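Here's the structure we're looking at; comments come further down.
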Amino acid sequence: MSTGGAESAAAEAMASEAYLAGDAVREARELVAELCRHFYLQGWVTGTGGSITVKANDPTVPLAQQLIVMSPSGVQKERMAAEDMYVMSAEGKVISAPVAKPWPHKHPKCSDCAPLFMKSYLMRGAGAVIHSHGMETCMATMLNPGAKEFRMTHMEMIKGIKGHGYTDELVIPIIENTPYEYELTDSLAEAIAAYPKATAVLVRNHGIYVWGDSWINAKTQAECYHYLLDAAMKMYQLGIDWTTPEHGPINSAKRLRSVASLGVPNGCHTAKSSKHCVVLDIEGTTTPISFVTDVMFPYARDNVRKHLTSTYDSEETKEDIKLLRIQVEEDLKIGVVGATPVAPDDAGKEEVISSLVANVEAMIKADRKITSLKQLQGHIWRTGFERKELKGVVFEDVPEALKNWQSQGMKVYIYSSGSREAQRLLFGHTSYGDLRQFLCGFFDTTTGNKREARSYFEISQSLGVDNPSQILFITDVLQEAVAAKSAGFEVIISIRPGNAPLPANHGFRTISSFSEI
């Protein structure tokens, strides 16, 4: 090593030691101890359960490189002091551990939640993460044992959750508990990736993980989540439906189930649990493939730069950019064609946007079914529909079929790779008017890959049918048809102009119009 290199390394080492011994880490240690005492009184970290972690905020150190302070595992959280905390590198390596205390104290051990906390830090750029065992976080997951999401809307405290307003639907993914905390790591990471708007994940019969940009943001959201989950429990006891805007009475005779969307028409609430449901694909089923490939995709591609430039400083676009950065980093690691590094924020707005545009264009060209792209496209399309530059297109037999199904008491849902927002936009702005009045809900890739049977199982659980065979799925894609059939659905393949040809002896009924059903 050259003299200059050795001097540089020595300077970095001294800076790291100064950071570790400095005010930022000391204050973070004291903060975690203080928060644990506070949360103990709330019932969130009793019985040594739960945990808290924060970044040691030093303005001279980028957030991604800041040290992490984490509470230990299996200790009386309300009695912890600053010196009891672990300090870890930004990559999760322990660099400072507490000294053991005499009996009856346990030997110090870093939180069993550490690998889960690291997922929030690395995947969401969090500044703090809170893991609570609050009673309401546990019991809310028991309201519907088969549900993979907790949903709520039209509650004032929803405004305390990042990216949400009073009329928005709050969706919290639910993952299944495991015997050991670390075994939750993969399922937590999958939920974080599948729900880009979420700032929390519920663990059934266990608790909740909440993250935020700072400890204040994480604490505020955790308090709101606990309030809302507690409210849902009380509403359930009073027979009030917390999942709908009107908060009407729950029919106690029917099994509680998660609702697929907001603004569900009245006709969709009155159907009996034994009633059949119809789940429709969009491309090649309700809508010509050419509309998506020749109109929607080009519009998003041609307007991505304009959209990012005009909305660059909005919270929504900041979240879109964060998701794109994460996706591009993953693409670069595995060598995805067309992926190029995204410019850092300090390179300037134009450089960041140009690098994002290059990646988005490559993603659109490859027709990738990824949440980061679909979310951004949905936001761009929303502008197009609002400006009347876009109008949704459906085959002429679709409106009449939707009306007929509704009049017969059938509940109709959409399952598409496009985001739920994009689906609502398309059906809400057609030449036949707003067709959303005939639809009971929307599913997208946050439910799962459309070519995997488990995705259709999840849908059947959400719809609350007695048997998956009570659901009719219509699609133009053979692989989707096979997956849905494997999950027990009745399946019909749609033959429309422009659809890909099917192989001989595929074994499915086909139609060229919904009027044939």
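Letters A, B, ... mark the chains of the structure tokens in the order given; residue numbers begin at 1 per chain; ligand numbers begin at 1, in order shown.
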
Residue set, region 124-339 of chain A restricted to strand (DSSP E), as a PDB file with N, CA, C and O atoms, in the first residue's frame:
ATOM      1  N   ALA A 128     -35.301   3.694  11.322  1.00  0.00           N
ATOM      2  CA  ALA A 128     -35.637   3.042  12.585  1.00  0.00           C
ATOM      3  C   ALA A 128     -36.681   1.970  12.329  1.00  0.00           C
ATOM      4  O   ALA A 128     -37.479   2.079  11.391  1.00  0.00           O
ATOM      5  N   VAL A 129     -36.668   0.917  13.150  1.00  0.00           N
ATOM      6  CA  VAL A 129     -37.634  -0.175  13.029  1.00  0.00           C
ATOM      7  C   VAL A 129     -38.104  -0.557  14.433  1.00  0.00           C
ATOM      8  O   VAL A 129     -37.293  -0.651  15.358  1.00  0.00           O
ATOM      9  N   ILE A 130     -39.396  -0.764  14.581  1.00  0.00           N
ATOM     10  CA  ILE A 130     -39.992  -1.143  15.859  1.00  0.00           C
ATOM     11  C   ILE A 130     -40.701  -2.482  15.691  1.00  0.00           C
ATOM     12  O   ILE A 130     -41.479  -2.670  14.747  1.00  0.00           O
ATOM     13  N   HIS A 131     -40.402  -3.417  16.603  1.00  0.00           N
ATOM     14  CA  HIS A 131     -41.121  -4.696  16.614  1.00  0.00           C
ATOM     15  C   HIS A 131     -41.930  -4.775  17.897  1.00  0.00           C
ATOM     16  O   HIS A 131     -41.375  -4.761  19.000  1.00  0.00           O
ATOM     17  N   SER A 132     -43.249  -4.828  17.771  1.00  0.00           N
ATOM     18  CA  SER A 132     -44.160  -4.812  18.911  1.00  0.00           C
ATOM     19  C   SER A 132     -44.903  -6.129  19.045  1.00  0.00           C
ATOM     20  O   SER A 132     -45.266  -6.754  18.041  1.00  0.00           O
ATOM     21  N   GLU A 149     -53.866 -10.262   4.296  1.00  0.00           N
ATOM     22  CA  GLU A 149     -53.788  -8.810   4.436  1.00  0.00           C
ATOM     23  C   GLU A 149     -54.782  -8.346   5.496  1.00  0.00           C
ATOM     24  O   GLU A 149     -55.831  -8.965   5.669  1.00  0.00           O
ATOM     25  N   PHE A 150     -54.453  -7.272   6.170  1.00  0.00           N
ATOM     26  CA  PHE A 150     -55.409  -6.553   7.002  1.00  0.00           C
ATOM     27  C   PHE A 150     -55.762  -5.280   6.252  1.00  0.00           C
ATOM     28  O   PHE A 150     -54.869  -4.554   5.803  1.00  0.00           O
ATOM     29  N   ARG A 151     -57.066  -5.001   6.109  1.00  0.00           N
ATOM     30  CA  ARG A 151     -57.508  -3.839   5.347  1.00  0.00           C
ATOM     31  C   ARG A 151     -58.435  -2.963   6.182  1.00  0.00           C
ATOM     32  O   ARG A 151     -59.260  -3.471   6.949  1.00  0.00           O
ATOM     33  N   MET A 152     -58.310  -1.662   5.991  1.00  0.00           N
ATOM     34  CA  MET A 152     -59.146  -0.717   6.726  1.00  0.00           C
ATOM     35  C   MET A 152     -59.211   0.583   5.934  1.00  0.00           C
ATOM     36  O   MET A 152     -58.261   0.932   5.208  1.00  0.00           O
ATOM     37  N   THR A 153     -60.294   1.320   6.088  1.00  0.00           N
ATOM     38  CA  THR A 153     -60.412   2.594   5.372  1.00  0.00           C
ATOM     39  C   THR A 153     -61.302   3.561   6.149  1.00  0.00           C
ATOM     40  O   THR A 153     -61.999   3.175   7.091  1.00  0.00           O
ATOM     41  N   GLU A 169     -57.284   3.268   1.336  1.00  0.00           N
ATOM     42  CA  GLU A 169     -57.375   1.961   1.972  1.00  0.00           C
ATOM     43  C   GLU A 169     -56.000   1.588   2.514  1.00  0.00           C
ATOM     44  O   GLU A 169     -55.012   1.571   1.787  1.00  0.00           O
ATOM     45  N   LEU A 170     -55.948   1.308   3.793  1.00  0.00           N
ATOM     46  CA  LEU A 170     -54.718   0.847   4.425  1.00  0.00           C
ATOM     47  C   LEU A 170     -54.636  -0.668   4.266  1.00  0.00           C
ATOM     48  O   LEU A 170     -55.563  -1.378   4.627  1.00  0.00           O
ATOM     49  N   VAL A 171     -53.534  -1.138   3.703  1.00  0.00           N
ATOM     50  CA  VAL A 171     -53.330  -2.570   3.501  1.00  0.00           C
ATOM     51  C   VAL A 171     -52.033  -2.972   4.202  1.00  0.00           C
ATOM     52  O   VAL A 171     -50.966  -2.462   3.879  1.00  0.00           O
ATOM     53  N   ILE A 172     -52.140  -3.866   5.171  1.00  0.00           N
ATOM     54  CA  ILE A 172     -50.968  -4.371   5.885  1.00  0.00           C
ATOM     55  C   ILE A 172     -50.823  -5.854   5.560  1.00  0.00           C
ATOM     56  O   ILE A 172     -51.724  -6.648   5.855  1.00  0.00           O
ATOM     57  N   PRO A 173     -49.718  -6.261   4.931  1.00  0.00           N
ATOM     58  CA  PRO A 173     -49.540  -7.694   4.647  1.00  0.00           C
ATOM     59  C   PRO A 173     -49.410  -8.496   5.944  1.00  0.00           C
ATOM     60  O   PRO A 173     -48.899  -8.005   6.954  1.00  0.00           O
ATOM     61  N   ILE A 174     -49.878  -9.737   5.905  1.00  0.00           N
ATOM     62  CA  ILE A 174     -49.785 -10.649   7.047  1.00  0.00           C
ATOM     63  C   ILE A 174     -48.958 -11.858   6.625  1.00  0.00           C
ATOM     64  O   ILE A 174     -49.242 -12.489   5.606  1.00  0.00           O
ATOM     65  N   ILE A 175     -47.929 -12.170   7.396  1.00  0.00           N
ATOM     66  CA  ILE A 175     -47.138 -13.377   7.140  1.00  0.00           C
ATOM     67  C   ILE A 175     -47.361 -14.356   8.295  1.00  0.00           C
ATOM     68  O   ILE A 175     -47.766 -13.969   9.387  1.00  0.00           O
ATOM     69  N   ALA A 200     -45.338  -1.481   7.257  1.00  0.00           N
ATOM     70  CA  ALA A 200     -45.473  -2.428   8.358  1.00  0.00           C
ATOM     71  C   ALA A 200     -45.835  -3.801   7.810  1.00  0.00           C
ATOM     72  O   ALA A 200     -46.411  -3.919   6.719  1.00  0.00           O
ATOM     73  N   VAL A 201     -45.484  -4.832   8.563  1.00  0.00           N
ATOM     74  CA  VAL A 201     -45.875  -6.207   8.252  1.00  0.00           C
ATOM     75  C   VAL A 201     -46.365  -6.846   9.544  1.00  0.00           C
ATOM     76  O   VAL A 201     -45.685  -6.782  10.574  1.00  0.00           O
ATOM     77  N   LEU A 202     -47.546  -7.447   9.492  1.00  0.00           N
ATOM     78  CA  LEU A 202     -48.090  -8.183  10.630  1.00  0.00           C
ATOM     79  C   LEU A 202     -47.627  -9.635  10.585  1.00  0.00           C
ATOM     80  O   LEU A 202     -47.540 -10.224   9.495  1.00  0.00           O
ATOM     81  N   VAL A 203     -47.320 -10.204  11.739  1.00  0.00           N
ATOM     82  CA  VAL A 203     -46.978 -11.617  11.846  1.00  0.00           C
ATOM     83  C   VAL A 203     -48.110 -12.285  12.628  1.00  0.00           C
ATOM     84  O   VAL A 203     -48.380 -11.920  13.772  1.00  0.00           O
ATOM     85  N   GLY A 207     -47.147 -10.430  16.265  1.00  0.00           N
ATOM     86  CA  GLY A 207     -46.940  -9.002  16.456  1.00  0.00           C
ATOM     87  C   GLY A 207     -46.815  -8.258  15.150  1.00  0.00           C
ATOM     88  O   GLY A 207     -47.335  -8.695  14.117  1.00  0.00           O
ATOM     89  N   ILE A 208     -46.081  -7.140  15.168  1.00  0.00           N
ATOM     90  CA  ILE A 208     -45.961  -6.290  13.989  1.00  0.00           C
ATOM     91  C   ILE A 208     -44.563  -5.702  13.904  1.00  0.00           C
ATOM     92  O   ILE A 208     -43.919  -5.441  14.926  1.00  0.00           O
ATOM     93  N   TYR A 209     -44.074  -5.517  12.674  1.00  0.00           N
ATOM     94  CA  TYR A 209     -42.843  -4.795  12.390  1.00  0.00           C
ATOM     95  C   TYR A 209     -43.232  -3.490  11.697  1.00  0.00           C
ATOM     96  O   TYR A 209     -43.980  -3.510  10.720  1.00  0.00           O
ATOM     97  N   VAL A 210     -42.724  -2.374  12.197  1.00  0.00           N
ATOM     98  CA  VAL A 210     -43.020  -1.058  11.633  1.00  0.00           C
ATOM     99  C   VAL A 210     -41.706  -0.324  11.399  1.00  0.00           C
ATOM    100  O   VAL A 210     -40.837  -0.323  12.274  1.00  0.00           O
ATOM    101  N   TRP A 211     -41.564   0.300  10.236  1.00  0.00           N
ATOM    102  CA  TRP A 211     -40.345   1.055   9.961  1.00  0.00           C
ATOM    103  C   TRP A 211     -40.680   2.464   9.468  1.00  0.00           C
ATOM    104  O   TRP A 211     -41.782   2.731   8.989  1.00  0.00           O
ATOM    105  N   GLY A 212     -39.698   3.357   9.609  1.00  0.00           N
ATOM    106  CA  GLY A 212     -39.873   4.724   9.160  1.00  0.00           C
ATOM    107  C   GLY A 212     -38.544   5.354   8.814  1.00  0.00           C
ATOM    108  O   GLY A 212     -37.469   4.788   9.091  1.00  0.00           O
ATOM    109  N   CYS A 277     -68.181 -16.564  -8.181  1.00  0.00           N
ATOM    110  CA  CYS A 277     -67.481 -15.318  -8.516  1.00  0.00           C
ATOM    111  C   CYS A 277     -66.815 -15.484  -9.875  1.00  0.00           C
ATOM    112  O   CYS A 277     -66.504 -16.596 -10.295  1.00  0.00           O
ATOM    113  N   VAL A 278     -66.591 -14.362 -10.555  1.00  0.00           N
ATOM    114  CA  VAL A 278     -65.874 -14.352 -11.820  1.00  0.00           C
ATOM    115  C   VAL A 278     -64.633 -13.489 -11.645  1.00  0.00           C
ATOM    116  O   VAL A 278     -64.725 -12.369 -11.138  1.00  0.00           O
ATOM    117  N   VAL A 279     -63.486 -14.016 -12.031  1.00  0.00           N
ATOM    118  CA  VAL A 279     -62.227 -13.267 -11.995  1.00  0.00           C
ATOM    119  C   VAL A 279     -61.735 -13.135 -13.429  1.00  0.00           C
ATOM    120  O   VAL A 279     -61.584 -14.137 -14.138  1.00  0.00           O
ATOM    121  N   LEU A 280     -61.508 -11.899 -13.856  1.00  0.00           N
ATOM    122  CA  LEU A 280     -61.157 -11.632 -15.252  1.00  0.00           C
ATOM    123  C   LEU A 280     -59.734 -11.111 -15.397  1.00  0.00           C
ATOM    124  O   LEU A 280     -59.298 -10.238 -14.632  1.00  0.00           O
TER     125      LEU A 280
END

Just the residues within 12 Å of Lys197 (chain A), please, counting only C-alpha atoms, with nothing from its chain fewer than 6 positions along; format it as a compact mmCIF listing (two decimals) with N, CA and C atoms, in the first residue's frame.
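selection_27.txt, freshly written:
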# COMPACT_ATOMS: atom_id res chain seq x y z
N ARG A 124 -35.72 -0.83 2.38
CA ARG A 124 -36.55 0.37 2.43
C ARG A 124 -35.79 1.62 2.86
N ILE A 161 -50.19 7.30 8.68
CA ILE A 161 -49.37 6.30 7.99
C ILE A 161 -48.83 6.92 6.70
N LYS A 162 -47.55 6.84 6.50
CA LYS A 162 -46.90 7.47 5.35
C LYS A 162 -47.59 7.11 4.03
N GLY A 163 -47.89 8.13 3.22
CA GLY A 163 -48.47 7.92 1.91
C GLY A 163 -49.96 7.66 1.91
N HIS A 164 -50.65 7.85 3.04
CA HIS A 164 -52.07 7.56 3.13
C HIS A 164 -52.87 8.78 3.57
N ASP A 168 -58.11 6.76 1.81
CA ASP A 168 -57.32 5.67 1.25
C ASP A 168 -57.59 4.36 2.00
N GLU A 169 -57.28 3.27 1.34
CA GLU A 169 -57.37 1.96 1.97
C GLU A 169 -56.00 1.59 2.51
N LEU A 170 -55.95 1.31 3.79
CA LEU A 170 -54.72 0.85 4.43
C LEU A 170 -54.64 -0.67 4.27
N VAL A 171 -53.53 -1.14 3.70
CA VAL A 171 -53.33 -2.57 3.50
C VAL A 171 -52.03 -2.97 4.20
N ILE A 172 -52.14 -3.87 5.17
CA ILE A 172 -50.97 -4.37 5.89
C ILE A 172 -50.82 -5.85 5.56
N PRO A 173 -49.72 -6.26 4.93
CA PRO A 173 -49.54 -7.69 4.65
C PRO A 173 -49.41 -8.50 5.94
N ALA A 191 -42.76 -9.94 1.64
CA ALA A 191 -43.87 -9.00 1.88
C ALA A 191 -43.44 -7.56 1.62
N TRP A 211 -41.56 0.30 10.24
CA TRP A 211 -40.34 1.06 9.96
C TRP A 211 -40.68 2.46 9.47
N GLY A 212 -39.70 3.36 9.61
CA GLY A 212 -39.87 4.72 9.16
C GLY A 212 -38.54 5.35 8.81
N GLU A 315 -43.90 13.20 -2.59
CA GLU A 315 -43.65 12.00 -1.81
C GLU A 315 -43.93 10.74 -2.63
N GLU A 316 -44.95 10.81 -3.47
CA GLU A 316 -45.30 9.65 -4.30
C GLU A 316 -44.16 9.29 -5.25
N THR A 317 -43.60 10.29 -5.92
CA THR A 317 -42.53 10.03 -6.87
C THR A 317 -41.23 9.65 -6.16
N LYS A 318 -40.99 10.21 -4.99
CA LYS A 318 -39.82 9.80 -4.21
C LYS A 318 -39.89 8.31 -3.90
N GLU A 319 -41.09 7.85 -3.57
CA GLU A 319 -41.27 6.42 -3.29
C GLU A 319 -41.09 5.59 -4.56
N ASP A 320 -41.59 6.10 -5.70
CA ASP A 320 -41.40 5.40 -6.98
C ASP A 320 -39.91 5.27 -7.29
N LYS A 322 -37.38 5.35 -5.20
CA LYS A 322 -36.74 4.44 -4.26
C LYS A 322 -36.93 2.99 -4.70
N LEU A 323 -38.16 2.65 -5.12
CA LEU A 323 -38.43 1.28 -5.58
C LEU A 323 -37.64 0.95 -6.85
N THR A 371 -43.21 -4.84 -9.72
CA THR A 371 -44.02 -3.86 -9.01
C THR A 371 -43.52 -2.44 -9.19
N SER A 372 -42.20 -2.23 -9.17
CA SER A 372 -41.67 -0.88 -9.30
C SER A 372 -42.07 -0.22 -10.61
N GLN A 375 -46.07 0.28 -10.73
CA GLN A 375 -46.52 1.39 -9.90
C GLN A 375 -46.28 2.73 -10.59
N THR A 446 -49.12 -7.97 -6.43
CA THR A 446 -48.85 -8.04 -4.99
C THR A 446 -49.50 -9.28 -4.39

Nearest to Ser120 (chain A): which of A:Ala90, A:Val54, A:Ala189, A:Leu439 is it, counting only C-alpha atoms?
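Among the listed residues, the smallest separation from Ser120 (chain A) belongs to A:Ala189.
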
Shell around region 466-471 of chain A at 10 Å using only C-alpha atoms, local window under 4 positions removed, as a tab-separated table (two decimals) with all heavy atoms, in the first residue's frame:
chain	number	residue	atom	x	y	z
A	273	SER	N	-72.29	-16.58	0.59
A	273	SER	CA	-70.95	-17.15	0.52
A	273	SER	C	-70.85	-18.27	-0.50
A	273	SER	O	-69.77	-18.58	-0.97
A	273	SER	CB	-70.53	-17.66	1.90
A	273	SER	OG	-71.41	-18.68	2.32
A	274	SER	N	-71.98	-18.91	-0.84
A	274	SER	CA	-71.96	-20.00	-1.81
A	274	SER	C	-72.07	-19.50	-3.25
A	274	SER	O	-72.03	-20.28	-4.19
A	274	SER	CB	-73.09	-20.97	-1.51
A	274	SER	OG	-74.35	-20.30	-1.61
A	275	LYS	N	-72.24	-18.21	-3.43
A	275	LYS	CA	-72.42	-17.65	-4.77
A	275	LYS	C	-71.12	-17.71	-5.56
A	275	LYS	O	-70.05	-17.53	-5.02
A	275	LYS	CB	-72.89	-16.19	-4.66
A	275	LYS	CG	-73.26	-15.55	-5.98
A	275	LYS	CD	-74.55	-16.13	-6.53
A	275	LYS	CE	-75.74	-15.75	-5.71
A	275	LYS	NZ	-77.00	-16.27	-6.28
A	276	HIS	N	-71.23	-17.95	-6.85
A	276	HIS	CA	-70.05	-18.00	-7.71
A	276	HIS	C	-69.48	-16.61	-7.93
A	276	HIS	O	-70.18	-15.61	-7.87
A	276	HIS	CB	-70.41	-18.62	-9.06
A	276	HIS	CG	-70.57	-20.10	-9.00
A	276	HIS	ND1	-69.71	-20.97	-9.62
A	276	HIS	CD2	-71.49	-20.88	-8.39
A	276	HIS	CE1	-70.10	-22.21	-9.41
A	276	HIS	NE2	-71.18	-22.18	-8.65
A	277	CYS	N	-68.18	-16.56	-8.18
A	277	CYS	CA	-67.48	-15.32	-8.52
A	277	CYS	C	-66.82	-15.48	-9.87
A	277	CYS	O	-66.50	-16.60	-10.30
A	277	CYS	CB	-66.40	-15.00	-7.47
A	277	CYS	SG	-67.02	-14.80	-5.80
A	278	VAL	N	-66.59	-14.36	-10.56
A	278	VAL	CA	-65.87	-14.35	-11.82
A	278	VAL	C	-64.63	-13.49	-11.64
A	278	VAL	O	-64.72	-12.37	-11.14
A	278	VAL	CB	-66.74	-13.78	-12.96
A	278	VAL	CG1	-65.94	-13.76	-14.27
A	278	VAL	CG2	-68.01	-14.59	-13.13
A	279	VAL	N	-63.49	-14.02	-12.03
A	279	VAL	CA	-62.23	-13.27	-11.99
A	279	VAL	C	-61.73	-13.14	-13.43
A	279	VAL	O	-61.58	-14.14	-14.14
A	279	VAL	CB	-61.17	-13.97	-11.13
A	279	VAL	CG1	-59.86	-13.21	-11.16
A	279	VAL	CG2	-61.66	-14.11	-9.69
A	410	MET	N	-73.78	-12.35	-9.28
A	410	MET	CA	-72.40	-12.78	-9.40
A	410	MET	C	-71.47	-11.63	-9.03
A	410	MET	O	-71.72	-10.47	-9.39
A	410	MET	CB	-72.10	-13.22	-10.84
A	410	MET	CG	-73.01	-14.31	-11.36
A	410	MET	SD	-72.52	-15.94	-10.82
A	410	MET	CE	-71.21	-16.28	-12.00
A	411	LYS	N	-70.39	-11.94	-8.33
A	411	LYS	CA	-69.39	-10.93	-7.99
A	411	LYS	C	-68.22	-11.04	-8.95
A	411	LYS	O	-67.69	-12.13	-9.18
A	411	LYS	CB	-68.92	-11.13	-6.54
A	411	LYS	CG	-70.04	-10.96	-5.52
A	411	LYS	CD	-69.51	-10.93	-4.09
A	411	LYS	CE	-68.94	-12.25	-3.67
A	411	LYS	NZ	-68.51	-12.24	-2.25
A	412	VAL	N	-67.83	-9.91	-9.53
A	412	VAL	CA	-66.80	-9.91	-10.56
A	412	VAL	C	-65.56	-9.16	-10.07
A	412	VAL	O	-65.67	-8.05	-9.53
A	412	VAL	CB	-67.32	-9.26	-11.87
A	412	VAL	CG1	-66.26	-9.36	-12.97
A	412	VAL	CG2	-68.62	-9.93	-12.31
A	456	TYR	N	-53.65	-17.97	-6.98
A	456	TYR	CA	-55.08	-18.19	-7.12
A	456	TYR	C	-55.67	-18.74	-5.82
A	456	TYR	O	-56.82	-18.46	-5.47
A	456	TYR	CB	-55.35	-19.12	-8.30
A	456	TYR	CG	-54.87	-18.51	-9.59
A	456	TYR	CD1	-53.56	-18.72	-10.04
A	456	TYR	CD2	-55.69	-17.65	-10.33
A	456	TYR	CE1	-53.09	-18.11	-11.20
A	456	TYR	CE2	-55.22	-17.04	-11.48
A	456	TYR	CZ	-53.92	-17.27	-11.91
A	456	TYR	OH	-53.45	-16.65	-13.04
A	457	PHE	N	-54.87	-19.51	-5.08
A	457	PHE	CA	-55.30	-19.94	-3.76
A	457	PHE	C	-55.51	-18.73	-2.85
A	457	PHE	O	-56.49	-18.67	-2.11
A	457	PHE	CB	-54.26	-20.89	-3.16
A	457	PHE	CG	-54.52	-21.23	-1.72
A	457	PHE	CD1	-55.49	-22.15	-1.37
A	457	PHE	CD2	-53.81	-20.60	-0.70
A	457	PHE	CE1	-55.75	-22.45	-0.04
A	457	PHE	CE2	-54.05	-20.90	0.63
A	457	PHE	CZ	-55.03	-21.83	0.96
A	459	ILE	N	-56.29	-15.72	-3.76
A	459	ILE	CA	-57.50	-15.03	-4.19
A	459	ILE	C	-58.74	-15.74	-3.66
A	459	ILE	O	-59.68	-15.11	-3.16
A	459	ILE	CB	-57.55	-14.93	-5.74
A	459	ILE	CG1	-56.49	-13.93	-6.23
A	459	ILE	CG2	-58.94	-14.50	-6.21
A	459	ILE	CD1	-56.38	-13.85	-7.74
A	460	SER	N	-58.75	-17.06	-3.73
A	460	SER	CA	-59.91	-17.80	-3.24
A	460	SER	C	-60.10	-17.58	-1.75
A	460	SER	O	-61.23	-17.51	-1.26
A	460	SER	CB	-59.76	-19.30	-3.54
A	460	SER	OG	-58.73	-19.89	-2.76
A	461	GLN	N	-59.00	-17.44	-1.00
A	461	GLN	CA	-59.09	-17.16	0.43
A	461	GLN	C	-59.67	-15.77	0.67
A	461	GLN	O	-60.47	-15.55	1.58
A	461	GLN	CB	-57.71	-17.27	1.07
A	461	GLN	CG	-57.14	-18.68	1.12
A	461	GLN	CD	-57.94	-19.58	2.04
A	461	GLN	OE1	-58.07	-19.32	3.23
A	461	GLN	NE2	-58.49	-20.65	1.50
A	484	ALA	N	-54.43	-21.58	-12.42
A	484	ALA	CA	-55.74	-21.41	-11.79
A	484	ALA	C	-56.46	-22.75	-11.64
A	484	ALA	O	-57.10	-23.02	-10.61
A	484	ALA	CB	-56.58	-20.44	-12.60
A	485	LYS	N	-56.37	-23.59	-12.64
A	485	LYS	CA	-56.99	-24.91	-12.57
A	485	LYS	C	-56.36	-25.74	-11.45
A	485	LYS	O	-57.06	-26.46	-10.72
A	485	LYS	CB	-56.85	-25.64	-13.91
A	485	LYS	CG	-57.54	-27.00	-13.94
A	485	LYS	CD	-57.42	-27.67	-15.30
A	485	LYS	CE	-58.13	-29.03	-15.31
A	485	LYS	NZ	-58.00	-29.70	-16.62
A	487	ALA	N	-55.29	-24.66	-8.75
A	487	ALA	CA	-55.81	-24.14	-7.48
A	487	ALA	C	-57.29	-24.48	-7.29
A	487	ALA	O	-57.89	-24.10	-6.28
A	487	ALA	CB	-55.62	-22.63	-7.42
A	488	GLY	N	-57.89	-25.17	-8.28
A	488	GLY	CA	-59.28	-25.60	-8.15
A	488	GLY	C	-60.30	-24.71	-8.83
A	488	GLY	O	-61.50	-24.95	-8.71
A	489	PHE	N	-59.85	-23.66	-9.55
A	489	PHE	CA	-60.78	-22.77	-10.23
A	489	PHE	C	-61.39	-23.44	-11.46
A	489	PHE	O	-60.79	-24.33	-12.06
A	489	PHE	CB	-60.06	-21.50	-10.72
A	489	PHE	CG	-59.74	-20.50	-9.64
A	489	PHE	CD1	-59.41	-20.89	-8.36
A	489	PHE	CD2	-59.73	-19.14	-9.93
A	489	PHE	CE1	-59.09	-19.96	-7.37
A	489	PHE	CE2	-59.42	-18.20	-8.96
A	489	PHE	CZ	-59.09	-18.61	-7.68
A	490	GLU	N	-62.59	-22.99	-11.84
A	490	GLU	CA	-63.12	-23.29	-13.16
A	490	GLU	C	-62.45	-22.30	-14.11
A	490	GLU	O	-62.33	-21.12	-13.79
A	490	GLU	CB	-64.63	-23.12	-13.20
A	490	GLU	CG	-65.25	-23.41	-14.55
A	490	GLU	CD	-66.75	-23.14	-14.58
A	490	GLU	OE1	-67.34	-22.93	-13.51
A	490	GLU	OE2	-67.32	-23.12	-15.69
A	491	VAL	N	-62.02	-22.74	-15.27
A	491	VAL	CA	-61.22	-21.87	-16.15
A	491	VAL	C	-61.74	-21.91	-17.59
A	491	VAL	O	-62.10	-22.98	-18.10
A	491	VAL	CB	-59.73	-22.29	-16.15
A	491	VAL	CG1	-58.92	-21.37	-17.07
A	491	VAL	CG2	-59.16	-22.25	-14.74

Could you list, as JSON, numbers by chain, every residue within 8 Å of region 300-313 of chain A, counting only C-alpha atoms and ignoring same-chain residues fewer than 6 positions away?
{"A": [353, 354, 357, 360, 361, 364, 377, 380, 381]}

With only C-alpha atoms as the counted atoms, please give the residues lying no more than 8 Å from Gly284 (chain A), apart from itself and same-chain residues fewer than 2 positions off, as a list in words.
Asp281, Ile282, Thr286, Thr287, Pro288, Ile289, Thr475, Asp476, Ser494, Ile495, Arg496, Pro497, Gly498 and Asn499 of chain A

Using CA of Ile95 (chain A) and CA of Leu188 (chain A) as the two end points, give the distance in Å to one decimal.
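Computing the Euclidean distance for CA of Ile95 (chain A) and CA of Leu188 (chain A) yields 25.2 Å.
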
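Pairwise distance (CA of Lys101 (chain A), CA of Phe117 (chain A)) equals 25.5 Å.
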
Pick from A:Val45, A:Leu20, A:Val342, A:Ile158: nearest to His206 (chain A), with only C-alpha atoms counted?
A:Val45

How many Å separate CA of Glu516 (chain A) from CA of Pro501 (chain A)?
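For CA of Glu516 (chain A) relative to CA of Pro501 (chain A), the distance reads 19.7 Å.
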
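Distances from A:Ala483, A:Ala126, A:Ala147, A:Ile192 to Asn57 (chain A) were compared using only C-alpha atoms, and the smallest one belongs to A:Ala126.
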
DSSP alpha helix (DSSP H) residues within region 370-494 of chain A, listed as a PyMOL selection string:
chain A and resi 371-386+398-407+420-428+453-463+478-486
